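Q: File input_3.cif below, mmCIF, C-alpha atoms:
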data_coords
#
loop_
_atom_site.group_PDB
_atom_site.id
_atom_site.type_symbol
_atom_site.label_atom_id
_atom_site.label_comp_id
_atom_site.auth_asym_id
_atom_site.auth_seq_id
_atom_site.Cartn_x
_atom_site.Cartn_y
_atom_site.Cartn_z
ATOM 1 C CA MET A 946 0.000 0.000 0.000
ATOM 2 C CA LEU A 947 1.313 3.455 -0.903
ATOM 3 C CA LEU A 948 1.233 6.153 1.732
ATOM 4 C CA SER A 949 0.914 9.808 0.954
ATOM 5 C CA VAL A 950 3.209 12.325 2.595
ATOM 6 C CA VAL A 951 0.551 13.041 5.218
ATOM 7 C CA GLY A 952 0.402 9.353 6.158
ATOM 8 C CA ARG A 953 -3.011 8.447 4.747
ATOM 9 C CA PRO A 954 -3.217 5.552 2.314
ATOM 10 C CA LEU A 955 -3.446 7.012 -1.160
ATOM 11 C CA ASN A 956 -6.047 4.462 -2.214
ATOM 12 C CA SER A 957 -8.425 5.784 0.478
ATOM 13 C CA LEU A 958 -8.570 9.199 -1.164
ATOM 14 C CA ARG A 959 -11.555 9.620 -3.448
ATOM 15 C CA VAL A 960 -9.806 10.798 -6.572
ATOM 16 C CA SER A 961 -9.347 9.491 -10.065
ATOM 17 C CA GLY A 962 -6.396 7.228 -10.812
ATOM 18 C CA ALA A 963 -4.795 9.912 -12.994
ATOM 19 C CA LEU A 964 -4.982 12.477 -10.195
ATOM 20 C CA THR A 965 -3.540 9.979 -7.701
ATOM 21 C CA LYS A 966 -0.628 9.294 -10.054
ATOM 22 C CA ALA A 967 -0.045 13.040 -10.478
ATOM 23 C CA THR A 968 -0.133 13.528 -6.701
ATOM 24 C CA VAL A 969 2.369 10.718 -6.177
ATOM 25 C CA ALA A 970 4.600 12.134 -8.933
ATOM 26 C CA MET A 971 4.564 15.612 -7.380
ATOM 27 C CA ALA A 972 5.208 14.271 -3.862
ATOM 28 C CA ASP A 973 8.083 12.270 -5.350
ATOM 29 C CA ALA A 974 9.442 15.383 -7.101
ATOM 30 C CA LEU A 975 9.220 17.275 -3.800
ATOM 31 C CA ALA A 976 11.084 14.503 -1.973
ATOM 32 C CA LYS A 977 13.937 14.736 -4.509
ATOM 33 C CA ILE A 978 14.578 18.425 -3.728
ATOM 34 C CA PRO A 979 17.613 18.529 -1.399
ATOM 35 C CA ASP A 980 16.810 19.737 2.133
ATOM 36 C CA VAL A 981 20.053 21.705 2.298
ATOM 37 C CA GLU A 982 22.285 23.494 -0.202
ATOM 38 C CA ILE A 983 24.886 25.746 1.424
ATOM 39 C CA ASP A 984 28.416 26.891 0.667
ATOM 40 C CA PRO A 985 31.182 24.553 1.871
ATOM 41 C CA GLU A 986 33.010 27.215 3.921
ATOM 42 C CA GLY A 987 32.673 30.719 5.384
ATOM 43 C CA THR A 988 29.990 32.946 6.861
ATOM 44 C CA PHE A 989 27.072 33.700 4.589
ATOM 45 C CA LYS A 990 23.402 34.596 4.390
ATOM 46 C CA TYR A 991 20.805 31.833 4.343
ATOM 47 C CA ILE A 992 17.042 31.509 3.971
ATOM 48 C CA LEU A 993 14.509 28.939 5.141
ATOM 49 C CA VAL A 994 12.024 28.263 2.337
ATOM 50 C CA ARG A 995 8.745 26.361 2.350
ATOM 51 C CA VAL A 996 8.369 24.496 -0.939
ATOM 52 C CA LYS A 997 4.866 23.305 -1.743
ATOM 53 C CA VAL A 998 3.299 21.317 -4.520
ATOM 54 C CA LYS A 999 1.388 23.881 -6.599
ATOM 55 C CA ASP A 1000 -2.347 23.714 -5.774
ATOM 56 C CA GLY A 1001 -1.647 21.102 -3.090
ATOM 57 C CA ASP A 1002 -0.972 20.776 0.629
ATOM 58 C CA VAL A 1003 2.174 18.652 0.451
ATOM 59 C CA HIS A 1004 5.229 20.715 1.417
ATOM 60 C CA LYS A 1005 8.684 20.676 2.952
ATOM 61 C CA ASP A 1006 11.115 23.254 4.266
ATOM 62 C CA ILE A 1007 14.566 23.683 2.736
ATOM 63 C CA VAL A 1008 17.690 25.659 3.667
ATOM 64 C CA ARG A 1009 19.662 27.606 1.057
ATOM 65 C CA GLY A 1010 22.735 29.736 1.730
ATOM 66 C CA THR A 1011 25.641 31.226 -0.196
ATOM 67 C CA LYS A 1012 28.407 33.809 0.065
ATOM 68 C CA SER A 1013 27.541 35.052 -3.418
ATOM 69 C CA ALA A 1014 24.307 36.627 -2.121
ATOM 70 C CA GLU A 1015 24.723 40.217 -1.021
ATOM 71 C CA TYR A 1016 21.136 40.183 0.295
ATOM 72 C CA HIS A 1017 18.784 37.392 1.384
ATOM 73 C CA ASN A 1018 16.381 38.134 -1.469
ATOM 74 C CA HIS A 1019 19.164 37.289 -3.973
ATOM 75 C CA ILE A 1020 19.025 33.695 -2.721
ATOM 76 C CA PHE A 1021 15.236 33.594 -2.985
ATOM 77 C CA GLU A 1022 15.378 35.050 -6.513
ATOM 78 C CA LYS A 1023 17.398 31.975 -7.571
ATOM 79 C CA VAL A 1024 15.457 29.366 -5.587
ATOM 80 C CA SER A 1025 11.932 30.449 -6.552
ATOM 81 C CA PRO A 1026 12.220 30.067 -10.375
ATOM 82 C CA ALA A 1027 14.036 26.736 -9.958
ATOM 83 C CA MET A 1028 11.193 25.414 -7.793
ATOM 84 C CA GLU A 1029 8.530 26.794 -10.146
ATOM 85 C CA ALA A 1030 10.195 24.910 -13.004
ATOM 86 C CA LEU A 1031 9.560 21.708 -11.004
ATOM 87 C CA GLY A 1032 5.864 22.562 -10.576
ATOM 88 C CA MET A 1033 6.321 23.846 -7.029
ATOM 89 C CA GLU A 1034 5.680 27.166 -5.362
ATOM 90 C CA CYS A 1035 7.711 28.572 -2.529
ATOM 91 C CA LYS A 1036 7.597 31.101 0.244
ATOM 92 C CA CYS A 1037 10.509 32.443 2.269
ATOM 93 C CA LEU A 1038 9.918 31.799 5.986
ATOM 94 C CA GLY A 1039 12.851 33.974 7.092
ATOM 95 C CA GLY A 1040 16.608 34.186 7.024
ATOM 96 C CA GLY A 1041 19.794 34.629 8.948
ATOM 97 C CA LYS A 1042 23.434 33.703 8.626
ATOM 98 C CA ILE A 1043 25.394 30.473 8.737
ATOM 99 C CA GLU A 1044 29.015 30.191 9.790
ATOM 100 C CA HIS A 1045 30.442 27.038 8.186
ATOM 101 C CA LYS A 1046 33.804 25.758 9.426
ATOM 102 C CA SER A 1047 34.292 22.580 7.430
ATOM 103 C CA GLN A 1048 37.751 21.767 8.871
ATOM 104 C CA GLU A 1049 36.298 21.800 12.387
ATOM 105 C CA LYS A 1050 32.996 20.244 11.251
ATOM 106 C CA LYS A 1051 31.003 23.075 12.818
ATOM 107 C CA LEU A 1052 27.971 25.053 11.720
ATOM 108 C CA ARG A 1053 26.556 28.043 13.590
ATOM 109 C CA VAL A 1054 23.175 29.552 12.675
ATOM 110 C CA PHE A 1055 22.357 33.091 13.841
ATOM 111 C CA GLY A 1056 21.059 36.533 12.866
ATOM 112 C CA GLU A 1057 18.105 37.584 10.779
ATOM 113 C CA SER A 1058 17.074 38.909 7.383
ATOM 114 C CA THR A 1059 16.026 42.542 7.058
ATOM 115 C CA ALA A 1060 13.719 41.657 4.149
ATOM 116 C CA PHE A 1061 12.246 38.348 5.386
ATOM 117 C CA GLY A 1062 12.664 38.500 9.168
ATOM 118 C CA LYS A 1063 14.345 35.861 11.333
ATOM 119 C CA ALA A 1064 13.990 32.250 10.274
ATOM 120 C CA ASP A 1065 13.121 29.698 12.945
ATOM 121 C CA HIS A 1066 16.745 28.682 13.453
ATOM 122 C CA SER A 1067 15.716 25.518 15.326
ATOM 123 C CA VAL A 1068 13.949 24.287 12.161
ATOM 124 C CA SER A 1069 16.963 25.242 10.028
ATOM 125 C CA VAL A 1070 19.288 23.357 12.394
ATOM 126 C CA GLU A 1071 17.178 20.181 12.145
ATOM 127 C CA LYS A 1072 17.491 20.376 8.342
ATOM 128 C CA LEU A 1073 21.254 20.971 8.619
ATOM 129 C CA LYS A 1074 21.616 17.986 10.973
ATOM 130 C CA SER A 1075 20.127 15.702 8.319
ATOM 131 C CA ALA A 1076 22.745 16.829 5.780
ATOM 132 C CA TYR A 1077 25.675 17.279 8.195
ATOM 133 C CA SER A 1078 25.105 14.503 10.732
ATOM 134 C CA ASN A 1079 28.775 14.369 11.762
ATOM 135 C CA TYR A 1080 28.923 18.121 12.542
ATOM 136 C CA GLU A 1081 28.495 20.102 15.721
ATOM 137 C CA ILE A 1082 25.605 22.452 14.901
ATOM 138 C CA THR A 1083 24.528 25.329 17.118
ATOM 139 C CA TRP A 1084 22.176 28.284 16.812
ATOM 140 C CA SER A 1085 21.334 31.458 18.658
ATOM 141 C CA ASP A 1086 19.128 34.501 18.291
ATOM 142 C CA ASP A 1087 22.229 36.720 18.492
ATOM 143 C CA LYS A 1088 22.691 39.094 15.593
ATOM 144 C CA LYS A 1089 26.467 38.433 15.399
#
Show me the file's structure as structure tokens.
A:
Amino acid sequence: MLLSVVGRPLNSLRVSGALTKATVAMADALAKIPDVEIDPEGTFKYILVRVKVKDGDVHKDIVRGTKSAEYHNHIFEKVSPAMEALGMECKCLGGGKIEHKSQEKKLRVFGESTAFGKADHSVSVEKLKSAYSNYEITWSDDKK
């Protein structure tokens, strides 16, 4: 039996077979989007983004961060069209900064975005832990 992302058996939903297949395909496409994409070293801006299947309820949160972004919205301006191309829509939940020390295997999440407000750093850290399980990862509401 197939389960949907929300845990209900897909065959219990009263929809046509074609719609069920489309729903499964979109949930599968969503699952393939990496939870985390950040620069390998340095201190940089990051955003927490909710990616959602267009016209659906299935969603997940992702972390994106890079030194190349002067402002948080520069990251979102790259993420949003890429997600739309996959049939998704996205919303920025907030931002901050990440300090990535790869030699020491440490990540620190802090700060906020002027444009988007402060991301829930605890959510961002859980995402980072899934991608960097052998790292020490901390967060704070400090601005620096």
Q: Quick one, how far is CA of Lys1051 in chain A from CA of His1019 in chain A?
A: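 Spanning CA of Lys1051 in chain A to CA of His1019 in chain A is a straight-line distance of 25.0 Å.
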Q: What does the PyMOL selection byres ((chain A and resi 1084) around 6) select in this file, as JSON, numbers by chain?
A: {"A": [1053, 1054, 1055, 1083, 1085]}
Q: The PyMOL selection byres ((chain A and resi 1057) around 10) on the file shown: which residues, as a ChimeraX atom specification?
A: /A:990-992,1017,1039-1042,1054-1056,1058-1066,1086-1089
Q: Just to be explicit: take each residue in the selection above, keep C-alpha atoms, and write the result as an mmCIF file, keeping the file's coordinate frame.
A:
data_model
loop_
_atom_site.group_PDB
_atom_site.id
_atom_site.type_symbol
_atom_site.label_atom_id
_atom_site.label_comp_id
_atom_site.auth_asym_id
_atom_site.auth_seq_id
_atom_site.Cartn_x
_atom_site.Cartn_y
_atom_site.Cartn_z
ATOM 1 C CA LYS A 990 23.402 34.596 4.390
ATOM 2 C CA TYR A 991 20.805 31.833 4.343
ATOM 3 C CA ILE A 992 17.042 31.509 3.971
ATOM 4 C CA HIS A 1017 18.784 37.392 1.384
ATOM 5 C CA GLY A 1039 12.851 33.974 7.092
ATOM 6 C CA GLY A 1040 16.608 34.186 7.024
ATOM 7 C CA GLY A 1041 19.794 34.629 8.948
ATOM 8 C CA LYS A 1042 23.434 33.703 8.626
ATOM 9 C CA VAL A 1054 23.175 29.552 12.675
ATOM 10 C CA PHE A 1055 22.357 33.091 13.841
ATOM 11 C CA GLY A 1056 21.059 36.533 12.866
ATOM 12 C CA SER A 1058 17.074 38.909 7.383
ATOM 13 C CA THR A 1059 16.026 42.542 7.058
ATOM 14 C CA ALA A 1060 13.719 41.657 4.149
ATOM 15 C CA PHE A 1061 12.246 38.348 5.386
ATOM 16 C CA GLY A 1062 12.664 38.500 9.168
ATOM 17 C CA LYS A 1063 14.345 35.861 11.333
ATOM 18 C CA ALA A 1064 13.990 32.250 10.274
ATOM 19 C CA ASP A 1065 13.121 29.698 12.945
ATOM 20 C CA HIS A 1066 16.745 28.682 13.453
ATOM 21 C CA ASP A 1086 19.128 34.501 18.291
ATOM 22 C CA ASP A 1087 22.229 36.720 18.492
ATOM 23 C CA LYS A 1088 22.691 39.094 15.593
ATOM 24 C CA LYS A 1089 26.467 38.433 15.399
#
Q: Give me the box for range 1016-1019 of chain A as AutoDock Vina command-line options, namely the centre and edge lengths in Å to one decimal of a box along x, y and z that holds every listed atom plus 5 Å on each side.
A:
--center_x 18.8 --center_y 38.7 --center_z -1.3 --size_x 14.8 --size_y 12.9 --size_z 15.4
Q: List the spatial neighbours of Lys1012 in chain A as number ranges by chain - criterion: any atom at most 10 Å away, all atoms listed in the file, same-chain residues fewer than 3 positions off excluded.
A: A: 983-991, 1015-1016, 1020, 1042-1043
Q: Could you tell me how far CA of Phe1021 in chain A lies from CA of Glu1071 in chain A, in Å and to one decimal?
A: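 The value is 20.3 Å.
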Q: Hey, can you check how far CA of Lys1036 in chain A sits from CA of Val1024 in chain A?
A: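 Interatomic distance, CA of Lys1036 in chain A to CA of Val1024 in chain A: 9.9 Å.
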Q: Please identify all polymer residues within 7 Å of Leu1052 in chain A, counting all atoms listed in the file, omitting same-chain residues fewer than 5 positions from it, and present them as a PyMOL selection string.
A: chain A and resi 1043-1046+1081-1083
Q: Which residue gives the smallest distance to Ser1047 in chain A among A:Ser1013, A:Thr968, A:Asn1079, A:Asn1018, with only C-alpha atoms counted?
A: A:Asn1079
Q: Ranking A:Pro979, A:Glu1022, A:Glu1034, A:Asp973 by minimum distance to Val998 in chain A and counting all atoms listed in the file, which one comes first?
A: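 The closest residue to Val998 in chain A is A:Glu1034.
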Q: Can you give me, as a PyMOL selection string, the residues this file yields under the PyMOL selection byres ((chain A and resi 995) around 9)?
A: chain A and resi 993-994+996-997+1004-1007+1034-1038
Q: Those residues with C-alpha atoms, as a PDB file, keeping the file's coordinate frame please?
A:
ATOM      1  CA  LEU A 993      14.509  28.939   5.141  1.00  0.00           C
ATOM      2  CA  VAL A 994      12.024  28.263   2.337  1.00  0.00           C
ATOM      3  CA  VAL A 996       8.369  24.496  -0.939  1.00  0.00           C
ATOM      4  CA  LYS A 997       4.866  23.305  -1.743  1.00  0.00           C
ATOM      5  CA  HIS A1004       5.229  20.715   1.417  1.00  0.00           C
ATOM      6  CA  LYS A1005       8.684  20.676   2.952  1.00  0.00           C
ATOM      7  CA  ASP A1006      11.115  23.254   4.266  1.00  0.00           C
ATOM      8  CA  ILE A1007      14.566  23.683   2.736  1.00  0.00           C
ATOM      9  CA  GLU A1034       5.680  27.166  -5.362  1.00  0.00           C
ATOM     10  CA  CYS A1035       7.711  28.572  -2.529  1.00  0.00           C
ATOM     11  CA  LYS A1036       7.597  31.101   0.244  1.00  0.00           C
ATOM     12  CA  CYS A1037      10.509  32.443   2.269  1.00  0.00           C
ATOM     13  CA  LEU A1038       9.918  31.799   5.986  1.00  0.00           C
TER      14      LEU A1038
END
Q: Could you check the closest approach to Tyr1077 in chain A for each of A:Ala976, A:Thr1011, A:Ala970, A:Glu982 and tell me which residue wins, using all atoms listed in the file?
A: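 Of the candidates, the smallest distance to Tyr1077 in chain A is held by A:Glu982.
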Q: For Ala974 in chain A, which residue out of A:Gln1048, A:Lys1072, A:Lys999, A:Gly1010 is the nearest one, using all atoms listed in the file?
A: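 Closest to Ala974 in chain A, using all atoms listed in the file: A:Lys999.
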Q: Output file request: range 948-1066 of chain A, with C-alpha atoms, as a PDB file, in the first residue's frame.
A:
ATOM      1  CA  LEU A 948       1.233   6.153   1.732  1.00  0.00           C
ATOM      2  CA  SER A 949       0.914   9.808   0.954  1.00  0.00           C
ATOM      3  CA  VAL A 950       3.209  12.325   2.595  1.00  0.00           C
ATOM      4  CA  VAL A 951       0.551  13.041   5.218  1.00  0.00           C
ATOM      5  CA  GLY A 952       0.402   9.353   6.158  1.00  0.00           C
ATOM      6  CA  ARG A 953      -3.011   8.447   4.747  1.00  0.00           C
ATOM      7  CA  PRO A 954      -3.217   5.552   2.314  1.00  0.00           C
ATOM      8  CA  LEU A 955      -3.446   7.012  -1.160  1.00  0.00           C
ATOM      9  CA  ASN A 956      -6.047   4.462  -2.214  1.00  0.00           C
ATOM     10  CA  SER A 957      -8.425   5.784   0.478  1.00  0.00           C
ATOM     11  CA  LEU A 958      -8.570   9.199  -1.164  1.00  0.00           C
ATOM     12  CA  ARG A 959     -11.555   9.620  -3.448  1.00  0.00           C
ATOM     13  CA  VAL A 960      -9.806  10.798  -6.572  1.00  0.00           C
ATOM     14  CA  SER A 961      -9.347   9.491 -10.065  1.00  0.00           C
ATOM     15  CA  GLY A 962      -6.396   7.228 -10.812  1.00  0.00           C
ATOM     16  CA  ALA A 963      -4.795   9.912 -12.994  1.00  0.00           C
ATOM     17  CA  LEU A 964      -4.982  12.477 -10.195  1.00  0.00           C
ATOM     18  CA  THR A 965      -3.540   9.979  -7.701  1.00  0.00           C
ATOM     19  CA  LYS A 966      -0.628   9.294 -10.054  1.00  0.00           C
ATOM     20  CA  ALA A 967      -0.045  13.040 -10.478  1.00  0.00           C
ATOM     21  CA  THR A 968      -0.133  13.528  -6.701  1.00  0.00           C
ATOM     22  CA  VAL A 969       2.369  10.718  -6.177  1.00  0.00           C
ATOM     23  CA  ALA A 970       4.600  12.134  -8.933  1.00  0.00           C
ATOM     24  CA  MET A 971       4.564  15.612  -7.380  1.00  0.00           C
ATOM     25  CA  ALA A 972       5.208  14.271  -3.862  1.00  0.00           C
ATOM     26  CA  ASP A 973       8.083  12.270  -5.350  1.00  0.00           C
ATOM     27  CA  ALA A 974       9.442  15.383  -7.101  1.00  0.00           C
ATOM     28  CA  LEU A 975       9.220  17.275  -3.800  1.00  0.00           C
ATOM     29  CA  ALA A 976      11.084  14.503  -1.973  1.00  0.00           C
ATOM     30  CA  LYS A 977      13.937  14.736  -4.509  1.00  0.00           C
ATOM     31  CA  ILE A 978      14.578  18.425  -3.728  1.00  0.00           C
ATOM     32  CA  PRO A 979      17.613  18.529  -1.399  1.00  0.00           C
ATOM     33  CA  ASP A 980      16.810  19.737   2.133  1.00  0.00           C
ATOM     34  CA  VAL A 981      20.053  21.705   2.298  1.00  0.00           C
ATOM     35  CA  GLU A 982      22.285  23.494  -0.202  1.00  0.00           C
ATOM     36  CA  ILE A 983      24.886  25.746   1.424  1.00  0.00           C
ATOM     37  CA  ASP A 984      28.416  26.891   0.667  1.00  0.00           C
ATOM     38  CA  PRO A 985      31.182  24.553   1.871  1.00  0.00           C
ATOM     39  CA  GLU A 986      33.010  27.215   3.921  1.00  0.00           C
ATOM     40  CA  GLY A 987      32.673  30.719   5.384  1.00  0.00           C
ATOM     41  CA  THR A 988      29.990  32.946   6.861  1.00  0.00           C
ATOM     42  CA  PHE A 989      27.072  33.700   4.589  1.00  0.00           C
ATOM     43  CA  LYS A 990      23.402  34.596   4.390  1.00  0.00           C
ATOM     44  CA  TYR A 991      20.805  31.833   4.343  1.00  0.00           C
ATOM     45  CA  ILE A 992      17.042  31.509   3.971  1.00  0.00           C
ATOM     46  CA  LEU A 993      14.509  28.939   5.141  1.00  0.00           C
ATOM     47  CA  VAL A 994      12.024  28.263   2.337  1.00  0.00           C
ATOM     48  CA  ARG A 995       8.745  26.361   2.350  1.00  0.00           C
ATOM     49  CA  VAL A 996       8.369  24.496  -0.939  1.00  0.00           C
ATOM     50  CA  LYS A 997       4.866  23.305  -1.743  1.00  0.00           C
ATOM     51  CA  VAL A 998       3.299  21.317  -4.520  1.00  0.00           C
ATOM     52  CA  LYS A 999       1.388  23.881  -6.599  1.00  0.00           C
ATOM     53  CA  ASP A1000      -2.347  23.714  -5.774  1.00  0.00           C
ATOM     54  CA  GLY A1001      -1.647  21.102  -3.090  1.00  0.00           C
ATOM     55  CA  ASP A1002      -0.972  20.776   0.629  1.00  0.00           C
ATOM     56  CA  VAL A1003       2.174  18.652   0.451  1.00  0.00           C
ATOM     57  CA  HIS A1004       5.229  20.715   1.417  1.00  0.00           C
ATOM     58  CA  LYS A1005       8.684  20.676   2.952  1.00  0.00           C
ATOM     59  CA  ASP A1006      11.115  23.254   4.266  1.00  0.00           C
ATOM     60  CA  ILE A1007      14.566  23.683   2.736  1.00  0.00           C
ATOM     61  CA  VAL A1008      17.690  25.659   3.667  1.00  0.00           C
ATOM     62  CA  ARG A1009      19.662  27.606   1.057  1.00  0.00           C
ATOM     63  CA  GLY A1010      22.735  29.736   1.730  1.00  0.00           C
ATOM     64  CA  THR A1011      25.641  31.226  -0.196  1.00  0.00           C
ATOM     65  CA  LYS A1012      28.407  33.809   0.065  1.00  0.00           C
ATOM     66  CA  SER A1013      27.541  35.052  -3.418  1.00  0.00           C
ATOM     67  CA  ALA A1014      24.307  36.627  -2.121  1.00  0.00           C
ATOM     68  CA  GLU A1015      24.723  40.217  -1.021  1.00  0.00           C
ATOM     69  CA  TYR A1016      21.136  40.183   0.295  1.00  0.00           C
ATOM     70  CA  HIS A1017      18.784  37.392   1.384  1.00  0.00           C
ATOM     71  CA  ASN A1018      16.381  38.134  -1.469  1.00  0.00           C
ATOM     72  CA  HIS A1019      19.164  37.289  -3.973  1.00  0.00           C
ATOM     73  CA  ILE A1020      19.025  33.695  -2.721  1.00  0.00           C
ATOM     74  CA  PHE A1021      15.236  33.594  -2.985  1.00  0.00           C
ATOM     75  CA  GLU A1022      15.378  35.050  -6.513  1.00  0.00           C
ATOM     76  CA  LYS A1023      17.398  31.975  -7.571  1.00  0.00           C
ATOM     77  CA  VAL A1024      15.457  29.366  -5.587  1.00  0.00           C
ATOM     78  CA  SER A1025      11.932  30.449  -6.552  1.00  0.00           C
ATOM     79  CA  PRO A1026      12.220  30.067 -10.375  1.00  0.00           C
ATOM     80  CA  ALA A1027      14.036  26.736  -9.958  1.00  0.00           C
ATOM     81  CA  MET A1028      11.193  25.414  -7.793  1.00  0.00           C
ATOM     82  CA  GLU A1029       8.530  26.794 -10.146  1.00  0.00           C
ATOM     83  CA  ALA A1030      10.195  24.910 -13.004  1.00  0.00           C
ATOM     84  CA  LEU A1031       9.560  21.708 -11.004  1.00  0.00           C
ATOM     85  CA  GLY A1032       5.864  22.562 -10.576  1.00  0.00           C
ATOM     86  CA  MET A1033       6.321  23.846  -7.029  1.00  0.00           C
ATOM     87  CA  GLU A1034       5.680  27.166  -5.362  1.00  0.00           C
ATOM     88  CA  CYS A1035       7.711  28.572  -2.529  1.00  0.00           C
ATOM     89  CA  LYS A1036       7.597  31.101   0.244  1.00  0.00           C
ATOM     90  CA  CYS A1037      10.509  32.443   2.269  1.00  0.00           C
ATOM     91  CA  LEU A1038       9.918  31.799   5.986  1.00  0.00           C
ATOM     92  CA  GLY A1039      12.851  33.974   7.092  1.00  0.00           C
ATOM     93  CA  GLY A1040      16.608  34.186   7.024  1.00  0.00           C
ATOM     94  CA  GLY A1041      19.794  34.629   8.948  1.00  0.00           C
ATOM     95  CA  LYS A1042      23.434  33.703   8.626  1.00  0.00           C
ATOM     96  CA  ILE A1043      25.394  30.473   8.737  1.00  0.00           C
ATOM     97  CA  GLU A1044      29.015  30.191   9.790  1.00  0.00           C
ATOM     98  CA  HIS A1045      30.442  27.038   8.186  1.00  0.00           C
ATOM     99  CA  LYS A1046      33.804  25.758   9.426  1.00  0.00           C
ATOM    100  CA  SER A1047      34.292  22.580   7.430  1.00  0.00           C
ATOM    101  CA  GLN A1048      37.751  21.767   8.871  1.00  0.00           C
ATOM    102  CA  GLU A1049      36.298  21.800  12.387  1.00  0.00           C
ATOM    103  CA  LYS A1050      32.996  20.244  11.251  1.00  0.00           C
ATOM    104  CA  LYS A1051      31.003  23.075  12.818  1.00  0.00           C
ATOM    105  CA  LEU A1052      27.971  25.053  11.720  1.00  0.00           C
ATOM    106  CA  ARG A1053      26.556  28.043  13.590  1.00  0.00           C
ATOM    107  CA  VAL A1054      23.175  29.552  12.675  1.00  0.00           C
ATOM    108  CA  PHE A1055      22.357  33.091  13.841  1.00  0.00           C
ATOM    109  CA  GLY A1056      21.059  36.533  12.866  1.00  0.00           C
ATOM    110  CA  GLU A1057      18.105  37.584  10.779  1.00  0.00           C
ATOM    111  CA  SER A1058      17.074  38.909   7.383  1.00  0.00           C
ATOM    112  CA  THR A1059      16.026  42.542   7.058  1.00  0.00           C
ATOM    113  CA  ALA A1060      13.719  41.657   4.149  1.00  0.00           C
ATOM    114  CA  PHE A1061      12.246  38.348   5.386  1.00  0.00           C
ATOM    115  CA  GLY A1062      12.664  38.500   9.168  1.00  0.00           C
ATOM    116  CA  LYS A1063      14.345  35.861  11.333  1.00  0.00           C
ATOM    117  CA  ALA A1064      13.990  32.250  10.274  1.00  0.00           C
ATOM    118  CA  ASP A1065      13.121  29.698  12.945  1.00  0.00           C
ATOM    119  CA  HIS A1066      16.745  28.682  13.453  1.00  0.00           C
TER     120      HIS A1066
END
